[in-house]
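Only one structure is covered here, and it is reproduced in the block below.
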Amino acid sequence: MPSLLRVVCVVACGAALACASTHGLRPLSDSLPAGIPNAADRAGWERIAGDYDTASEHVRYALFVDPALPLLFRITQYRVTPRGPAGRPGGGAAEGSEMVVWNATPGLRGPLRCFTEGSRSKEPRTAQHTPLSWRDVSPTTAEFVDSMHRAMEIYARVNSEGRAGPRVE
C-alpha cells in the first residue's frame, strides 16, 4: 500500500506543477528587450520578485536593483492576468502581456523606457516560453501611463512589505 500512496503523491505533485505553469503562473521571461542588461549582466543585481492578487487580477513581478544604484529599481518587469470566475488566475481568460520598464538614464530627466511583449505565438504558453519580440511603448500613449501606474502600485506594495531599500548588514 505505501507504493500506491507514493504513486498518488507523485501524480498529484505533477498535476500541481502543470497547473502552476499555466494561466498567469508562468515565470517571467529571462529574455528582455535589446539594450537592457541581460541575465548574465544582472547576475550581481538584487532581484525582488513576487506575486499578488487583486479582486480581479493576478500580478507577477520582478524588480532589479543595480548594486551601483542601491536605492533605485532600474528594471521593473511584470505581467497582469485577469482572474477567472473561481478567483484563480486565468480561468480561461487571456493571459496579459509582459511589461518591462527600464530606467536607462538614472539621474537625468525624461521618461522611462517601456516595452511590452510583442508578437505572440498562437501555441499554448509554457514555462519555457519567451516573448518572440518586444514592442517599444511610446510615452505619449495611455498604455505607457497605465504601465507607470501599475509599476507604482508594485513599488508601493514592495515598500509596504519592507522589501525595498538598501540591505542593512
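In the C-alpha cells, chains take the letters A, B, ... in the order shown, each chain's residues start at 1, and ligands count up from 1 in the order shown.
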
Which of range 32-159 of chain A DSSP labels alpha helix (DSSP H), written as a PyMOL selection string:
chain A and resi 142-159

Closest of A:Arg26, A:Asp146, A:Arg109, A:Ala62 to Glu95 in chain A, counting only C-alpha atoms, is A:Arg26

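Checking A:Tyr52, A:Phe144, A:Phe73, A:Tyr78 one by one against Arg113 in chain A, counting only C-alpha atoms, you find the shortest gap at A:Phe144.
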
Give me the residues within 8 Å of range 150-165 of chain A as a list in words, counting only C-alpha atoms and dropping any in the same chain fewer than 2 places off.
Ile48, Tyr61, Pro70, Leu71, Thr76, Val101, Asp146, Ser147, Met148 and Arg167 of chain A

Grab the residues selected above and save them as a PDB file, in the first residue's frame with C-alpha atoms.
ATOM      1  CA  ILE A  48      12.887  41.359  -5.696  1.00  0.00           C
ATOM      2  CA  TYR A  61       6.588  40.931 -10.914  1.00  0.00           C
ATOM      3  CA  PRO A  70      21.060  50.599  -4.462  1.00  0.00           C
ATOM      4  CA  LEU A  71      18.007  52.824  -3.945  1.00  0.00           C
ATOM      5  CA  THR A  76      10.614  46.569 -13.490  1.00  0.00           C
ATOM      6  CA  VAL A 101      10.044  49.402 -17.518  1.00  0.00           C
ATOM      7  CA  ASP A 146      -1.163  52.610 -17.338  1.00  0.00           C
ATOM      8  CA  SER A 147       2.152  50.749 -17.136  1.00  0.00           C
ATOM      9  CA  MET A 148       3.624  53.513 -14.945  1.00  0.00           C
ATOM     10  CA  ARG A 167      20.027  45.928   2.967  1.00  0.00           C
TER      11      ARG A 167
END

Quick one: residues within 12 Å of Asp41 in chain A, only C-alpha atoms, excluding same-chain residues fewer than 4 positions away - as a short mmCIF file (atom, residue, chain, number, x, y, z; two decimals) with N, CA and C atoms, in the first residue's frame?
data_model
loop_
_atom_site.label_atom_id
_atom_site.label_comp_id
_atom_site.auth_asym_id
_atom_site.auth_seq_id
_atom_site.Cartn_x
_atom_site.Cartn_y
_atom_site.Cartn_z
N ASP A 30 13.20 35.48 -19.10
CA ASP A 30 14.60 35.84 -18.86
C ASP A 30 15.11 36.73 -19.99
N LEU A 32 14.95 39.87 -22.09
CA LEU A 32 14.42 41.23 -22.04
C LEU A 32 14.73 41.96 -23.35
N GLY A 35 19.22 46.08 -25.45
CA GLY A 35 19.74 47.28 -24.80
C GLY A 35 19.61 47.27 -23.29
N ILE A 36 18.78 46.38 -22.77
CA ILE A 36 18.63 46.24 -21.32
C ILE A 36 19.61 45.16 -20.86
N PRO A 37 20.25 45.34 -19.71
CA PRO A 37 21.19 44.32 -19.25
C PRO A 37 20.57 42.92 -19.28
N TRP A 45 22.95 41.74 -9.53
CA TRP A 45 21.93 42.69 -9.10
C TRP A 45 20.98 42.03 -8.11
N GLU A 46 20.40 42.83 -7.22
CA GLU A 46 19.37 42.31 -6.33
C GLU A 46 18.08 42.14 -7.15
N PHE A 64 14.57 44.82 -10.36
CA PHE A 64 16.01 44.62 -10.36
C PHE A 64 16.71 45.88 -9.88
N VAL A 65 17.61 45.71 -8.91
CA VAL A 65 18.35 46.82 -8.32
C VAL A 65 19.83 46.66 -8.67
N ASP A 66 20.35 47.61 -9.41
CA ASP A 66 21.77 47.65 -9.78
C ASP A 66 22.56 48.00 -8.51
N PRO A 67 23.58 47.20 -8.15
CA PRO A 67 24.33 47.50 -6.93
C PRO A 67 25.00 48.88 -6.95
#

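Restricting the calculation to only C-alpha atoms, the smallest distance between Glu57 in chain A and any of A:Ser31, A:Gln77, A:Gly84, A:Arg135 is found for A:Gly84.
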